[in-house]
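Coordinates from start.cif are shown below (mmCIF, C-alpha atoms).
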data_data
#
loop_
_atom_site.label_atom_id
_atom_site.label_comp_id
_atom_site.auth_asym_id
_atom_site.auth_seq_id
_atom_site.Cartn_x
_atom_site.Cartn_y
_atom_site.Cartn_z
CA MET P 1 7.95 -74.56 97.47
CA LYS P 2 9.27 -78.14 97.40
CA SER P 3 7.42 -80.66 95.28
CA THR P 4 5.52 -83.39 97.08
CA LYS P 5 7.58 -86.14 95.49
CA THR P 6 10.88 -84.69 96.75
CA THR P 7 9.48 -84.13 100.23
CA ASP P 8 8.02 -87.64 100.36
CA PHE P 9 11.31 -89.14 99.18
CA LEU P 10 13.37 -87.32 101.83
CA ARG P 11 10.85 -88.16 104.54
CA LYS P 12 10.81 -91.83 103.55
CA HIS P 13 14.58 -92.08 103.95
CA GLY P 14 14.85 -90.03 107.14
CA MET P 15 16.68 -87.18 105.40
CA LYS P 16 14.07 -84.41 105.63
CA SER P 17 15.47 -81.39 107.43
CA ASP P 18 12.44 -80.80 109.64
CA ASP P 19 12.70 -84.36 110.96
CA LEU P 20 15.33 -82.72 113.15
CA ASP P 21 13.08 -81.18 115.80
CA LEU P 22 14.80 -78.10 117.21
CA THR P 23 13.42 -78.27 120.74
CA ARG P 24 13.95 -81.99 121.23
CA CYS P 25 17.44 -81.92 119.72
CA THR P 26 18.46 -78.95 121.87
CA GLY P 27 17.41 -80.85 124.98
CA ASP P 28 19.31 -83.94 123.86
CA PHE P 29 22.42 -81.86 123.16
CA LEU P 30 22.22 -80.20 126.58
CA ARG P 31 22.08 -83.59 128.30
CA ALA P 32 25.12 -84.78 126.35
CA MET P 33 27.00 -81.61 127.36
CA GLU P 34 26.28 -82.17 131.05
CA GLN P 35 27.29 -85.83 130.87
CA GLY P 36 30.56 -84.91 129.16
CA LEU P 37 31.35 -82.19 131.73
CA GLN P 38 30.86 -84.65 134.57
CA GLY P 39 33.03 -87.31 132.95
CA GLU P 40 30.09 -89.59 132.21
CA PRO P 41 29.76 -91.47 128.88
CA SER P 42 28.87 -88.98 126.16
CA SER P 43 29.52 -88.45 122.46
CA LEU P 44 30.45 -84.86 123.38
CA TYR P 45 33.95 -84.97 124.85
CA MET P 46 33.68 -81.58 126.61
CA LEU P 47 37.45 -81.18 126.88
CA PRO P 48 38.81 -78.53 129.28
CA THR P 49 41.28 -76.22 127.54
CA TYR P 50 42.88 -74.63 130.64
CA LEU P 51 42.62 -71.35 128.75
CA ASP P 52 40.29 -68.43 129.33
CA GLY P 53 41.91 -65.64 127.34
CA SER P 54 41.79 -63.26 130.29
CA GLY P 55 45.53 -62.81 130.71
CA GLY P 56 47.38 -59.92 129.18
CA ILE P 57 49.31 -60.40 125.95
CA PRO P 58 52.99 -59.40 126.06
CA ARG P 59 53.80 -56.87 123.35
CA GLU P 60 56.68 -57.18 120.90
CA GLU P 61 57.54 -60.71 122.03
CA LYS P 62 57.87 -63.29 119.27
CA VAL P 63 56.15 -66.66 119.37
CA ILE P 64 56.16 -69.57 116.92
CA VAL P 65 52.68 -70.59 115.79
CA MET P 66 51.60 -73.80 114.05
CA ASP P 67 48.23 -74.89 112.71
CA ALA P 68 47.44 -78.51 111.87
CA GLY P 69 44.23 -78.18 109.86
CA GLY P 70 42.04 -80.43 107.75
CA THR P 71 44.05 -79.83 104.57
CA ASN P 72 47.14 -77.77 105.39
CA PHE P 73 49.86 -77.54 108.00
CA ARG P 74 50.89 -73.89 108.53
CA LEU P 75 53.73 -72.22 110.42
CA ALA P 76 54.73 -68.63 111.11
CA VAL P 77 56.30 -66.33 113.68
CA MET P 78 53.99 -63.76 115.27
CA GLN P 79 54.17 -60.87 117.68
CA PHE P 80 51.83 -58.12 118.85
CA ASP P 81 53.08 -54.55 118.48
CA ARG P 82 52.54 -51.79 121.06
CA GLU P 83 49.06 -51.08 119.67
CA GLY P 84 48.09 -54.76 119.77
CA ARG P 85 48.33 -55.27 116.02
CA VAL P 86 49.59 -58.64 114.81
CA ARG P 87 52.83 -58.89 112.87
CA THR P 88 53.50 -62.11 110.94
CA GLU P 89 56.83 -63.30 109.60
CA GLY P 90 57.98 -66.42 107.74
CA PHE P 91 54.56 -67.81 106.90
CA ARG P 92 54.74 -71.23 105.21
CA LYS P 93 52.17 -73.86 104.26
CA PHE P 94 52.56 -77.62 103.73
CA PRO P 95 50.13 -80.50 103.08
CA MET P 96 48.78 -81.80 106.39
CA PRO P 97 50.81 -84.90 107.36
CA GLY P 98 48.61 -87.97 106.94
CA THR P 99 46.47 -86.57 104.11
CA GLU P 100 48.68 -87.87 101.32
CA GLY P 101 49.13 -91.39 102.62
CA GLU P 102 49.15 -93.25 105.92
CA LEU P 103 51.94 -92.35 108.36
CA SER P 104 53.25 -94.00 111.49
CA LYS P 105 53.45 -92.10 114.76
CA GLU P 106 57.19 -91.62 114.31
CA GLN P 107 56.80 -90.35 110.75
CA PHE P 108 54.03 -87.98 111.77
CA PHE P 109 55.94 -86.26 114.55
CA ASP P 110 59.20 -86.27 112.61
CA ARG P 111 57.61 -84.38 109.72
CA ILE P 112 56.20 -81.72 112.03
CA ALA P 113 59.48 -81.41 113.92
CA GLY P 114 61.32 -81.04 110.63
CA CYS P 115 59.15 -78.05 109.71
CA LEU P 116 59.44 -76.55 113.20
CA ALA P 117 63.23 -76.91 113.25
CA GLU P 118 63.56 -74.13 110.67
CA TYR P 119 61.93 -71.71 113.15
CA ALA P 120 63.60 -72.97 116.33
CA ALA P 121 65.82 -69.92 116.83
CA GLU P 122 62.88 -67.47 116.78
CA SER P 123 61.28 -68.27 120.16
CA ASP P 124 61.14 -70.75 123.01
CA ARG P 125 57.32 -70.66 122.95
CA VAL P 126 55.12 -72.48 120.46
CA GLY P 127 51.36 -72.05 120.12
CA PHE P 128 50.10 -75.16 118.35
CA CYS P 129 46.55 -75.17 117.03
CA PHE P 130 45.79 -78.89 116.62
CA SER P 131 42.45 -79.27 114.86
CA TYR P 132 41.78 -82.83 115.95
CA ALA P 133 40.44 -84.37 119.14
CA ALA P 134 43.03 -83.93 121.89
CA GLU P 135 42.79 -83.82 125.67
CA ILE P 136 44.54 -80.70 126.91
CA THR P 137 46.57 -81.31 130.08
CA PRO P 138 46.93 -78.78 132.93
CA ASP P 139 50.42 -77.91 131.64
CA ARG P 140 48.80 -77.18 128.23
CA ASP P 141 50.23 -80.11 126.34
CA GLY P 142 47.73 -82.16 124.34
CA ARG P 143 47.07 -85.92 124.29
CA ILE P 144 45.74 -87.16 120.94
CA LEU P 145 42.33 -88.83 121.21
CA GLU P 146 41.65 -89.47 117.54
CA PHE P 147 42.10 -88.12 114.05
CA SER P 148 39.32 -87.07 111.68
CA LYS P 149 38.89 -85.38 108.27
CA GLU P 150 40.25 -88.57 106.68
CA VAL P 151 43.77 -88.04 108.11
CA LYS P 152 45.49 -91.41 108.54
CA VAL P 153 48.12 -91.77 111.28
CA THR P 154 48.71 -95.05 113.08
CA GLY P 155 49.94 -95.47 116.64
CA ALA P 156 49.70 -91.81 117.65
CA VAL P 157 46.51 -91.94 119.71
CA GLY P 158 47.39 -91.38 123.37
CA SER P 159 50.60 -89.50 122.58
CA LEU P 160 51.42 -86.15 124.18
CA ILE P 161 52.05 -83.85 121.25
CA GLY P 162 54.48 -81.38 122.81
CA GLU P 163 56.40 -84.14 124.54
CA GLU P 164 56.81 -86.13 121.30
CA LEU P 165 57.86 -83.07 119.32
CA ASN P 166 60.45 -82.13 121.93
CA LYS P 167 61.94 -85.63 121.61
CA LYS P 168 62.27 -85.09 117.87
CA LEU P 169 63.78 -81.62 118.35
CA GLU P 170 66.32 -82.92 120.87
CA ALA P 171 67.27 -85.67 118.43
CA ARG P 172 68.12 -82.88 116.00
CA GLY P 173 70.27 -81.15 118.59
CA LEU P 174 67.72 -78.41 119.31
CA SER P 175 66.45 -77.13 122.65
CA PRO P 176 62.97 -78.15 123.78
CA LYS P 177 60.09 -75.70 123.44
CA LYS P 178 57.25 -74.67 125.74
CA PHE P 179 54.21 -75.87 123.82
CA THR P 180 50.68 -74.55 124.30
CA LEU P 181 48.24 -76.88 122.59
CA LEU P 182 44.76 -75.78 121.64
CA ASN P 183 42.04 -76.71 119.20
CA ASP P 184 41.08 -74.56 116.21
CA THR P 185 37.78 -73.68 117.83
CA THR P 186 39.54 -72.59 121.02
CA ALA P 187 41.84 -70.42 118.91
CA THR P 188 38.83 -68.96 117.12
CA MET P 189 37.16 -68.17 120.44
CA LEU P 190 40.35 -66.50 121.74
CA TRP P 191 40.49 -64.44 118.55
CA GLY P 192 37.02 -63.09 119.34
CA MET P 193 37.96 -62.31 122.93
CA GLY P 194 40.92 -60.30 121.68
CA GLN P 195 38.82 -57.97 119.54
CA PRO P 196 38.15 -54.38 120.74
CA GLU P 197 34.39 -54.87 121.09
CA ASP P 198 33.66 -55.29 124.83
CA SER P 199 29.88 -55.50 125.01
CA TYR P 200 29.59 -59.26 124.58
CA SER P 201 28.33 -61.36 127.47
CA SER P 202 30.30 -64.43 126.43
CA HIS P 203 32.11 -66.07 123.52
CA ILE P 204 31.81 -69.11 121.27
CA GLY P 205 34.30 -70.33 118.68
CA PHE P 206 32.77 -72.24 115.77
CA ILE P 207 34.36 -73.94 112.78
CA LEU P 208 32.41 -75.21 109.79
CA GLY P 209 34.72 -75.94 106.91
CA THR P 210 36.26 -79.28 105.98
CA GLY P 211 35.20 -80.41 109.44
CA THR P 212 33.28 -78.85 112.30
CA ASN P 213 33.69 -78.18 116.02
CA THR P 214 32.65 -75.77 118.78
CA CYS P 215 34.25 -74.19 121.85
CA TYR P 216 32.63 -71.99 124.51
CA LEU P 217 33.28 -70.45 127.91
CA GLU P 218 31.99 -72.56 130.81
CA GLU P 219 31.99 -71.84 134.54
CA THR P 220 34.97 -73.81 135.80
CA ALA P 221 32.97 -74.83 138.86
CA ALA P 222 30.63 -76.75 136.55
CA ILE P 223 33.40 -78.92 135.03
CA GLY P 224 33.01 -81.80 137.44
CA LYS P 225 35.57 -84.09 135.83
CA ILE P 226 38.43 -81.75 136.79
CA GLY P 227 37.03 -81.02 140.25
CA GLY P 228 35.66 -77.58 139.43
CA GLY P 229 37.45 -74.33 140.19
CA THR P 230 36.93 -70.59 139.88
CA GLY P 231 36.35 -68.29 136.93
CA ARG P 232 35.54 -69.47 133.43
CA MET P 233 37.38 -71.81 131.12
CA GLY P 234 37.15 -72.65 127.44
CA VAL P 235 35.61 -76.07 126.81
CA ASN P 236 36.14 -77.88 123.51
CA LEU P 237 32.99 -79.84 122.76
CA GLU P 238 34.33 -81.89 119.82
CA SER P 239 30.82 -81.35 118.50
CA GLY P 240 31.59 -83.16 115.25
CA CYS P 241 31.62 -86.36 117.33
CA TYR P 242 28.06 -85.83 118.56
CA ALA P 243 25.93 -88.90 117.85
CA GLY P 244 22.50 -87.60 118.86
CA PHE P 245 21.22 -86.03 115.64
CA PRO P 246 18.67 -88.23 113.81
CA LYS P 247 20.29 -89.97 110.85
CA GLY P 248 18.82 -91.05 107.54
CA ASP P 249 19.57 -93.81 105.07
CA TYR P 250 22.16 -91.84 103.12
CA ASP P 251 23.92 -90.71 106.29
CA ARG P 252 24.38 -94.38 107.11
CA GLN P 253 25.55 -95.16 103.58
CA LEU P 254 28.15 -92.41 103.69
CA ASP P 255 29.35 -93.47 107.13
CA ALA P 256 29.73 -97.11 106.08
CA ALA P 257 31.81 -96.09 103.05
CA SER P 258 34.05 -93.67 104.99
CA LYS P 259 37.56 -94.54 106.12
CA ILE P 260 36.49 -94.69 109.76
CA PRO P 261 32.84 -95.85 110.06
CA GLY P 262 31.12 -94.64 113.20
CA ASP P 263 33.56 -91.75 113.62
CA HIS P 264 32.40 -88.10 113.85
CA PRO P 265 28.73 -88.70 112.92
CA ALA P 266 27.62 -85.06 113.21
CA GLU P 267 30.57 -83.89 111.12
CA LYS P 268 29.54 -86.31 108.38
CA MET P 269 26.09 -84.72 108.34
CA MET P 270 27.11 -81.06 108.08
CA ALA P 271 30.77 -80.41 107.19
CA GLY P 272 32.29 -79.63 103.82
CA ALA P 273 34.36 -82.80 103.59
CA TYR P 274 31.14 -84.82 103.45
CA LEU P 275 28.22 -82.69 102.22
CA GLY P 276 29.09 -83.25 98.56
CA GLU P 277 29.12 -87.02 98.98
CA LEU P 278 25.98 -86.96 101.11
CA LEU P 279 24.14 -85.02 98.43
CA THR P 280 25.48 -87.35 95.72
CA ARG P 281 24.22 -90.42 97.55
CA THR P 282 20.86 -88.77 98.12
CA ALA P 283 20.59 -87.90 94.41
CA LEU P 284 21.47 -91.48 93.43
CA GLY P 285 18.72 -92.71 95.71
CA ALA P 286 16.29 -90.26 94.15
CA ALA P 287 17.30 -91.43 90.68
CA SER P 288 16.67 -95.07 91.60
CA GLU P 289 13.12 -94.10 92.68
CA GLY P 290 12.29 -92.21 89.50
CA LEU P 291 12.57 -88.61 90.65
CA PHE P 292 14.82 -87.70 87.69
CA THR P 293 14.18 -88.25 84.01
CA ALA P 294 15.54 -91.50 82.59
CA GLY P 295 18.34 -89.78 80.67
CA CYS P 296 19.46 -87.76 83.67
CA ALA P 297 19.35 -90.79 85.97
CA ALA P 298 21.51 -92.81 83.58
CA ALA P 299 24.02 -89.98 83.24
CA LEU P 300 24.10 -89.48 87.01
CA ARG P 301 24.85 -93.14 87.61
CA GLU P 302 27.55 -93.19 84.94
CA VAL P 303 29.27 -90.14 86.43
CA THR P 304 29.16 -91.30 90.04
CA LEU P 305 29.31 -95.10 89.80
CA GLY P 306 31.29 -95.62 86.58
CA ASP P 307 31.59 -99.34 85.78
CA ALA P 308 29.17 -100.12 88.61
CA CYS P 309 26.44 -97.97 87.08
CA ARG P 310 24.09 -100.87 86.44
CA ARG P 311 23.76 -101.80 90.11
CA GLU P 312 22.82 -99.99 93.26
CA PRO P 313 25.69 -98.68 95.37
CA ASP P 314 25.69 -100.77 98.54
CA SER P 315 26.32 -99.17 101.89
CA GLY P 316 30.06 -99.77 101.76
CA GLU P 317 30.81 -98.77 98.18
CA ARG P 318 32.83 -95.68 97.31
CA ILE P 319 31.43 -93.28 94.72
CA SER P 320 32.67 -90.33 92.69
CA ALA P 321 31.06 -87.58 94.73
CA PHE P 322 30.13 -84.04 93.75
CA THR P 323 32.42 -81.38 95.17
CA MET P 324 31.39 -78.27 97.07
CA PRO P 325 32.69 -75.99 94.27
CA GLN P 326 30.59 -77.98 91.78
CA ILE P 327 27.51 -77.53 93.95
CA GLY P 328 28.23 -73.82 94.24
CA ALA P 329 28.57 -73.52 90.47
CA PHE P 330 25.28 -75.40 89.98
CA LEU P 331 23.48 -72.85 92.13
CA GLU P 332 24.81 -70.18 89.74
CA GLY P 333 23.59 -72.17 86.72
CA GLU P 334 27.10 -73.16 85.69
CA GLY P 335 29.48 -76.12 85.67
CA PRO P 336 29.11 -79.88 85.17
CA LEU P 337 26.14 -80.29 87.51
CA ALA P 338 24.21 -77.62 85.61
CA GLU P 339 24.83 -79.70 82.48
CA LEU P 340 23.93 -82.96 84.21
CA PHE P 341 20.66 -81.55 85.55
CA ALA P 342 19.94 -79.45 82.47
CA ALA P 343 16.25 -80.29 82.06
CA ALA P 344 14.03 -78.00 84.12
CA GLU P 345 12.39 -80.83 86.07
CA ASP P 346 15.73 -82.45 86.87
CA ARG P 347 17.25 -79.15 87.94
CA GLN P 348 14.29 -78.49 90.23
CA VAL P 349 14.57 -81.86 91.97
CA PHE P 350 18.31 -81.54 92.52
CA LEU P 351 17.86 -77.97 93.74
CA GLU P 352 15.28 -79.15 96.28
CA LEU P 353 17.59 -81.91 97.50
CA THR P 354 20.44 -79.41 97.80
CA GLU P 355 18.32 -76.84 99.62
CA ASP P 356 17.17 -79.37 102.18
CA CYS P 357 20.68 -80.73 102.74
CA PHE P 358 21.92 -77.26 103.74
CA GLU P 359 18.69 -76.58 105.65
CA ARG P 360 19.45 -79.55 107.88
CA ALA P 361 23.04 -78.41 108.41
CA ALA P 362 21.74 -74.99 109.48
CA ARG P 363 19.27 -76.57 111.91
CA MET P 364 22.03 -78.64 113.51
CA THR P 365 24.19 -75.55 113.89
CA ALA P 366 21.32 -73.62 115.47
CA VAL P 367 20.78 -76.45 117.96
CA ILE P 368 24.43 -76.31 119.02
CA PHE P 369 24.27 -72.55 119.59
CA ALA P 370 20.92 -72.75 121.36
CA ALA P 371 22.18 -75.44 123.74
CA ILE P 372 25.29 -73.45 124.68
CA LEU P 373 23.39 -70.21 125.30
CA THR P 374 20.72 -72.04 127.25
CA ARG P 375 23.27 -73.81 129.42
CA THR P 376 25.36 -70.73 130.18
CA GLY P 377 22.42 -68.36 130.58
CA GLN P 378 24.27 -65.82 128.44
CA GLY P 379 22.80 -63.73 125.61
CA LYS P 380 19.53 -62.86 127.32
CA ASP P 381 20.20 -59.13 127.00
CA PRO P 382 20.09 -57.98 123.35
CA LEU P 383 22.57 -55.23 124.25
CA HIS P 384 25.05 -57.86 125.40
CA PRO P 385 24.78 -60.76 122.95
CA VAL P 386 27.08 -63.76 122.80
CA CYS P 387 29.84 -63.34 120.23
CA ILE P 388 30.15 -66.29 117.87
CA SER P 389 33.53 -66.08 116.18
CA ALA P 390 33.15 -68.27 113.11
CA GLU P 391 35.58 -69.60 110.56
CA GLY P 392 35.39 -72.10 107.70
CA THR P 393 34.66 -72.31 104.01
CA THR P 394 31.32 -74.07 104.42
CA PHE P 395 30.11 -71.41 106.86
CA PHE P 396 31.03 -68.45 104.69
CA ARG P 397 31.25 -69.72 101.11
CA ALA P 398 28.39 -72.20 100.83
CA LYS P 399 25.76 -69.98 99.25
CA LEU P 400 22.75 -71.64 100.86
CA PHE P 401 24.02 -72.15 104.41
CA ARG P 402 24.42 -68.73 105.99
CA PRO P 403 20.96 -67.28 105.10
CA LYS P 404 19.31 -70.40 106.48
CA LEU P 405 21.29 -70.22 109.70
CA GLU P 406 20.48 -66.53 110.15
CA ARG P 407 16.80 -67.38 109.92
CA TYR P 408 17.11 -69.89 112.75
CA LEU P 409 19.16 -67.49 114.85
CA ASN P 410 16.30 -65.02 114.53
CA GLU P 411 13.26 -67.30 114.64
CA TYR P 412 14.45 -69.98 117.08
CA LEU P 413 17.13 -68.45 119.30
CA ARG P 414 15.84 -64.87 119.45
CA ASP P 415 12.08 -65.12 119.01
CA THR P 416 11.42 -68.51 120.63
CA LEU P 417 14.15 -68.77 123.28
CA GLY P 418 14.85 -65.07 123.89
CA LEU P 419 18.58 -65.55 123.29
CA HIS P 420 20.78 -63.17 121.35
CA CYS P 421 24.05 -63.74 119.52
CA THR P 422 26.19 -62.02 116.91
CA VAL P 423 28.23 -63.88 114.31
CA VAL P 424 31.65 -62.37 113.55
CA LYS P 425 33.88 -63.62 110.76
CA ALA P 426 37.22 -64.56 112.28
CA GLU P 427 40.21 -63.63 110.13
CA ASP P 428 43.15 -66.04 110.31
CA ALA P 429 41.89 -66.99 113.76
CA THR P 430 43.77 -70.23 114.26
CA LEU P 431 47.24 -68.70 114.05
CA VAL P 432 46.33 -65.51 115.92
CA GLY P 433 44.51 -67.49 118.60
CA ALA P 434 47.50 -69.82 118.94
CA ALA P 435 49.74 -66.79 119.48
CA VAL P 436 47.39 -65.37 122.14
CA ALA P 437 47.31 -68.73 123.94
CA ALA P 438 51.09 -69.19 123.90
CA LEU P 439 51.77 -65.66 125.16
CA ALA P 440 49.02 -65.59 127.81
#
This structure in structure tokens:
Amino acid sequence: MKSTKTTDFLRKHGMKSDDLDLTRCTGDFLRAMEQGLQGEPSSLYMLPTYLDGSGGIPREEKVIVMDAGGTNFRLAVMQFDREGRVRTEGFRKFPMPGTEGELSKEQFFDRIAGCLAEYAAESDRVGFCFSYAAEITPDRDGRILEFSKEVKVTGAVGSLIGEELNKKLEARGLSPKKFTLLNDTTATMLWGMGQPEDSYSSHIGFILGTGTNTCYLEETAAIGKIGGGTGRMGVNLESGCYAGFPKGDYDRQLDAASKIPGDHPAEKMMAGAYLGELLTRTALGAASEGLFTAGCAAALREVTLGDACRREPDSGERISAFTMPQIGAFLEGEGPLAELFAAAEDRQVFLELTEDCFERAARMTAVIFAAILTRTGQGKDPLHPVCISAEGTTFFRAKLFRPKLERYLNEYLRDTLGLHCTVVKAEDATLVGAAVAALA
């Protein structure tokens, strides 16, 4: 049970997990979804993907696949054999362009084209999983809306990705490709739809790793901003951009110190690229209010603030943040954080702060799932649950997250709302999903 002083501290600064009311936040999220689908102002982009995964997949036909992720840029050649099994050739991995220094638009596309050129002879089709906000066009190209995950590229917003890459390929004397652009969550959803299990009522793709996002199947008739239609279509929420979750003091501090203040507010509250810093800032605040022993507080400030350790970090100051591996090691009683919070009372306070940080992330995730199932009306039959294909290091490797989420899936979605879902771990979903999309 959490101590009163830790609870009071978190409540005072708007960081307590149960300040995020599940029912109210689900309603707010649903309204933002509807506004985004109708083309009204919303922090949820609700981007049509023009993909539904219902087409057949040609067998033994090669396709080039690319994945622009939060950390890495990956390429390979894939094909599905006669039994539907995936064969992968020529897999390579590079640092994601824009993560090792700011790039111009021309530099960004030239680097990607340079990698792609080595595979150009393998296929005329390219499935490109682009894990950043992009508006998918009816011909399945993608227009960049913004970058996130601290990737820095200037002048590329508004560019059509496939079109720009074909210009670079032609400049190298290579034939243009047929690009199919999709988001990582769309790829993850398509991965789930390609699995042999056929009892699911619908599908969701969910990423919670360096960043976070969600994709689901919507009735095309309900997508007012494209004039409706028939059947179902994948919709990319860009849920990391959602601005409706209640924020606390240390959320605002982190946002002000980030490279792009105001960008991706939900992602900064729940994704792996930010949770370590969020917890560090919360711990520094707790130290300044006497929750840690004097020796621990001094050591904490020295480690995270360095030469600035004698003054409070203002809202725009960078800090040396704890990493997710360090937090994981602390929970096992190991590593530098176990040494920093060695005294029993200090360890208990930091453990309570850590527990509540992941508790809040789990509540936000449950709200997203609850809103989607409520909107679509799927998952009411326990024999036909909604399949949530999930991927990401925070989702599966953060020790505290998954058990907390499972509790909310049981207590809130199942017991309170009567909605049923099953979480499936997607294996290499972005590349496989990109192959499915390009071949469909």
Subject >> From P:Phe358, P:Phe73, P:Tyr242, P:Phe147, residue lying nearest Leu116 (chain P) [all atoms listed in the file] >> reply: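 Ranking P:Phe358, P:Phe73, P:Tyr242, P:Phe147 by distance to Leu116 (chain P), first place goes to P:Phe73.
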Original post:
Nearest to Asp356 (chain P) among P:Gly101, P:Glu197, P:Thr180, P:Thr282, with distances taken over all atoms listed in the file: which residue is it?
Top reply: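 For Asp356 (chain P), the nearest of the given residues is P:Thr282.
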Subject >> 9 Å contact set for Leu254 (chain P), all atoms listed in the file, chain neighbours under 5 positions out, as a PyMOL selection string >> reply: chain P and resi 249+261+268+274+277-278+281+315-318
**OP:** List the residues matched by the PyMOL selection byres ((chain P and resi 330) around 12) in the displayed structure as a list in words, ordered by chain and then by residue number.
**Re:**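 So the PyMOL selection byres ((chain P and resi 330) around 12), applied here, picks out Phe322, Thr323, Met324, Pro325, Gln326, Ile327, Gly328, Ala329, Leu331, Glu332, Gly333, Glu334, Gly335, Pro336, Leu337, Ala338, Glu339, Leu340, Phe341, Ala342, Arg347, Gln348, Phe350, Leu351, Thr354, Glu355, Ala398, Lys399 and Leu400 of chain P.
CA of Gln79 (chain P) sits 5.5 Å away from CA of Glu61 (chain P).
For the pair CA of Thr365 (chain P) and CA of Ala134 (chain P), the separation is 22.1 Å.
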**OP:** Pick out the residues sitting within 10 Å of Asp19 (chain P), and hand them over as a ChimeraX atom specification; count only C-alpha atoms, and ignore anything fewer than 4 positions along from it in its own chain.
**Re:** /P:10-11,14-15,245-248,360
Hey, can you spit out that residue selection with C-alpha atoms as an mmCIF file, keeping the file's coordinate frame?
data_model
loop_
_atom_site.group_PDB
_atom_site.id
_atom_site.type_symbol
_atom_site.label_atom_id
_atom_site.label_comp_id
_atom_site.auth_asym_id
_atom_site.auth_seq_id
_atom_site.Cartn_x
_atom_site.Cartn_y
_atom_site.Cartn_z
ATOM 1 C CA LEU P 10 13.370 -87.320 101.830
ATOM 2 C CA ARG P 11 10.850 -88.160 104.540
ATOM 3 C CA GLY P 14 14.850 -90.030 107.140
ATOM 4 C CA MET P 15 16.680 -87.180 105.400
ATOM 5 C CA PHE P 245 21.220 -86.030 115.640
ATOM 6 C CA PRO P 246 18.670 -88.230 113.810
ATOM 7 C CA LYS P 247 20.290 -89.970 110.850
ATOM 8 C CA GLY P 248 18.820 -91.050 107.540
ATOM 9 C CA ARG P 360 19.450 -79.550 107.880
#
Original post:
Using all atoms listed in the file, which of P:Phe206, P:Tyr216, P:Tyr45, P:Tyr200 sits nearest Ala133 (chain P)?
Top reply: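 Distance minimum relative to Ala133 (chain P) lands on P:Tyr45.
Between Gln107 (chain P) and the residues P:Ala120, P:Leu413, P:Leu165, P:Cys129, the shortest atom-to-atom distance, using only C-alpha atoms, involves P:Leu165.
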**OP:** Pull out every residue that the PyMOL selection byres ((chain P and resi 177) around 6) matches in the shown coordinates and put them as an NGL selection string.
**Re:** :P and (124-125 or 176 or 178-179)
Based on the selection just made, write C-alpha atoms of those residues as a PDB file, in the coordinates of the input.
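File written: selection_33.pdb
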ATOM      1  CA  ASP P 124      61.140 -70.750 123.010  1.00  0.00           C
ATOM      2  CA  ARG P 125      57.320 -70.660 122.950  1.00  0.00           C
ATOM      3  CA  PRO P 176      62.970 -78.150 123.780  1.00  0.00           C
ATOM      4  CA  LYS P 178      57.250 -74.670 125.740  1.00  0.00           C
ATOM      5  CA  PHE P 179      54.210 -75.870 123.820  1.00  0.00           C
TER       6      PHE P 179
END
Subject >> d(CA of Ala68 (chain P), CA of Asp139 (chain P)) in Å >> reply: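 CA of Ala68 (chain P) sits 20.0 Å away from CA of Asp139 (chain P).
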Original post:
Which of these, P:Pro41, P:Lys225, P:Glu163, P:Glu83, has the shortest distance to Pro58 (chain P) once you count only C-alpha atoms?
Top reply: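 Smallest distance to Pro58 (chain P) is found for P:Glu83.
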Subject >> Selection result for the PyMOL selection byres ((chain P and resi 417-430) around 8) on this file, as a ChimeraX atom specification >> reply: /P:67,129,184-185,187-188,191-192,370,373-374,378-382,384-391,409,412-416,431-434
Output C-alpha atoms of each residue in that selection to a file, as an mmCIF file, keeping the file's coordinate frame.
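So the final result, stored in result.cif, reads:
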data_model
loop_
_atom_site.group_PDB
_atom_site.id
_atom_site.type_symbol
_atom_site.label_atom_id
_atom_site.label_comp_id
_atom_site.auth_asym_id
_atom_site.auth_seq_id
_atom_site.Cartn_x
_atom_site.Cartn_y
_atom_site.Cartn_z
ATOM 1 C CA ASP P 67 48.230 -74.890 112.710
ATOM 2 C CA CYS P 129 46.550 -75.170 117.030
ATOM 3 C CA ASP P 184 41.080 -74.560 116.210
ATOM 4 C CA THR P 185 37.780 -73.680 117.830
ATOM 5 C CA ALA P 187 41.840 -70.420 118.910
ATOM 6 C CA THR P 188 38.830 -68.960 117.120
ATOM 7 C CA TRP P 191 40.490 -64.440 118.550
ATOM 8 C CA GLY P 192 37.020 -63.090 119.340
ATOM 9 C CA ALA P 370 20.920 -72.750 121.360
ATOM 10 C CA LEU P 373 23.390 -70.210 125.300
ATOM 11 C CA THR P 374 20.720 -72.040 127.250
ATOM 12 C CA GLN P 378 24.270 -65.820 128.440
ATOM 13 C CA GLY P 379 22.800 -63.730 125.610
ATOM 14 C CA LYS P 380 19.530 -62.860 127.320
ATOM 15 C CA ASP P 381 20.200 -59.130 127.000
ATOM 16 C CA PRO P 382 20.090 -57.980 123.350
ATOM 17 C CA HIS P 384 25.050 -57.860 125.400
ATOM 18 C CA PRO P 385 24.780 -60.760 122.950
ATOM 19 C CA VAL P 386 27.080 -63.760 122.800
ATOM 20 C CA CYS P 387 29.840 -63.340 120.230
ATOM 21 C CA ILE P 388 30.150 -66.290 117.870
ATOM 22 C CA SER P 389 33.530 -66.080 116.180
ATOM 23 C CA ALA P 390 33.150 -68.270 113.110
ATOM 24 C CA GLU P 391 35.580 -69.600 110.560
ATOM 25 C CA LEU P 409 19.160 -67.490 114.850
ATOM 26 C CA TYR P 412 14.450 -69.980 117.080
ATOM 27 C CA LEU P 413 17.130 -68.450 119.300
ATOM 28 C CA ARG P 414 15.840 -64.870 119.450
ATOM 29 C CA ASP P 415 12.080 -65.120 119.010
ATOM 30 C CA THR P 416 11.420 -68.510 120.630
ATOM 31 C CA LEU P 431 47.240 -68.700 114.050
ATOM 32 C CA VAL P 432 46.330 -65.510 115.920
ATOM 33 C CA GLY P 433 44.510 -67.490 118.600
ATOM 34 C CA ALA P 434 47.500 -69.820 118.940
#
